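Worksheet: the structure to be examined is printed underneath.
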Amino acid sequence: MDKFEEMMQKMEQKSPEEKKQAMAKNRAMCICAGCPSYSSCMKEKDELLFCATKKSTCSVEMEGCICPNCPVTGMMGLKHAYYCTKGSEKEIRGI
């Protein structure tokens, strides 16, 4: 089991309020808004933390990706990039 899978197991054991707090903490560390692919549409819809939620509902022009540099990536043991176009780490892994 890798770090991401361990983190997912821990998250499943949390109460709804604890999950909400964990997501808020991760969202505060999120650097999506500084990405070259982050658009005004994403900003207007307050879309962030694609690695933990889902791909963007906006059209995305892939102009670069900073996911590997995000603090959430290391903390959660993420392995992918371009979550805004591909979906969450969980979706990409098919978990």
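Note on naming: chains are A, B, ... as they come in the structure tokens, residues start from 1 per chain, ligands start from 1 in the order shown.
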- request: Could you give me, as a PyMOL selection string, the residues within 9 Å of region 24-34 of chain A, counting only C-alpha atoms and dropping anything in the same chain fewer than 2 positions from it?
  value: chain A and resi 19-22+36-39+42-43+47-50+52+65-67+69-72+84
Output C-alpha atoms of each residue in that selection to a file, as a compact mmCIF listing (two decimals), in the first residue's frame.
# COMPACT_ATOMS: atom_id res chain seq x y z
CA LYS A 19 -13.20 15.30 6.39
CA LYS A 20 -14.46 18.83 5.79
CA GLN A 21 -11.62 20.25 7.91
CA ALA A 22 -9.01 18.13 6.10
CA PRO A 36 -0.54 28.40 -16.32
CA SER A 37 -3.52 26.17 -17.23
CA TYR A 38 -5.79 27.71 -14.57
CA SER A 39 -8.40 29.83 -16.32
CA MET A 42 -12.04 28.07 -13.03
CA LYS A 43 -11.54 31.16 -10.91
CA GLU A 47 -12.48 25.42 -8.65
CA LEU A 48 -9.37 24.25 -6.79
CA LEU A 49 -7.82 21.03 -5.51
CA PHE A 50 -8.60 19.02 -8.64
CA ALA A 52 -8.81 15.53 -4.56
CA CYS A 65 1.25 21.96 -15.03
CA ILE A 66 2.53 22.75 -11.55
CA CYS A 67 0.90 19.78 -9.78
CA ASN A 69 5.35 21.27 -7.14
CA CYS A 70 2.22 21.46 -4.98
CA PRO A 71 2.61 20.75 -1.25
CA VAL A 72 -0.52 18.58 -1.42
CA CYS A 84 -7.87 19.65 -14.02
message: List as a list in words the protein and nucleic acid residues near Lys86 (chain A), meaning an atom at most 12 Å away when only C-alpha atoms are counted, but skip any in the same chain fewer than 2 places from it.
response: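 The contact residues come out as Phe50, Cys51, Ala52, Thr53, Lys54, Lys55, Ser56, Thr57, Val60, Met62, His80, Ala81, Tyr82, Tyr83, Cys84, Ser88, Glu89, Lys90, Glu91, Ile92, Arg93 and Gly94 of chain A.
Taking CA of Asp46 (chain A) and CA of Ile95 (chain A) as endpoints, the distance between them is 25.6 Å.
Across the model, the gap from CA of Gly64 (chain A) to CA of Phe4 (chain A) is 23.7 Å.
Take CA of Cys41 (chain A) and CA of Cys58 (chain A): the distance between them is 6.1 Å.
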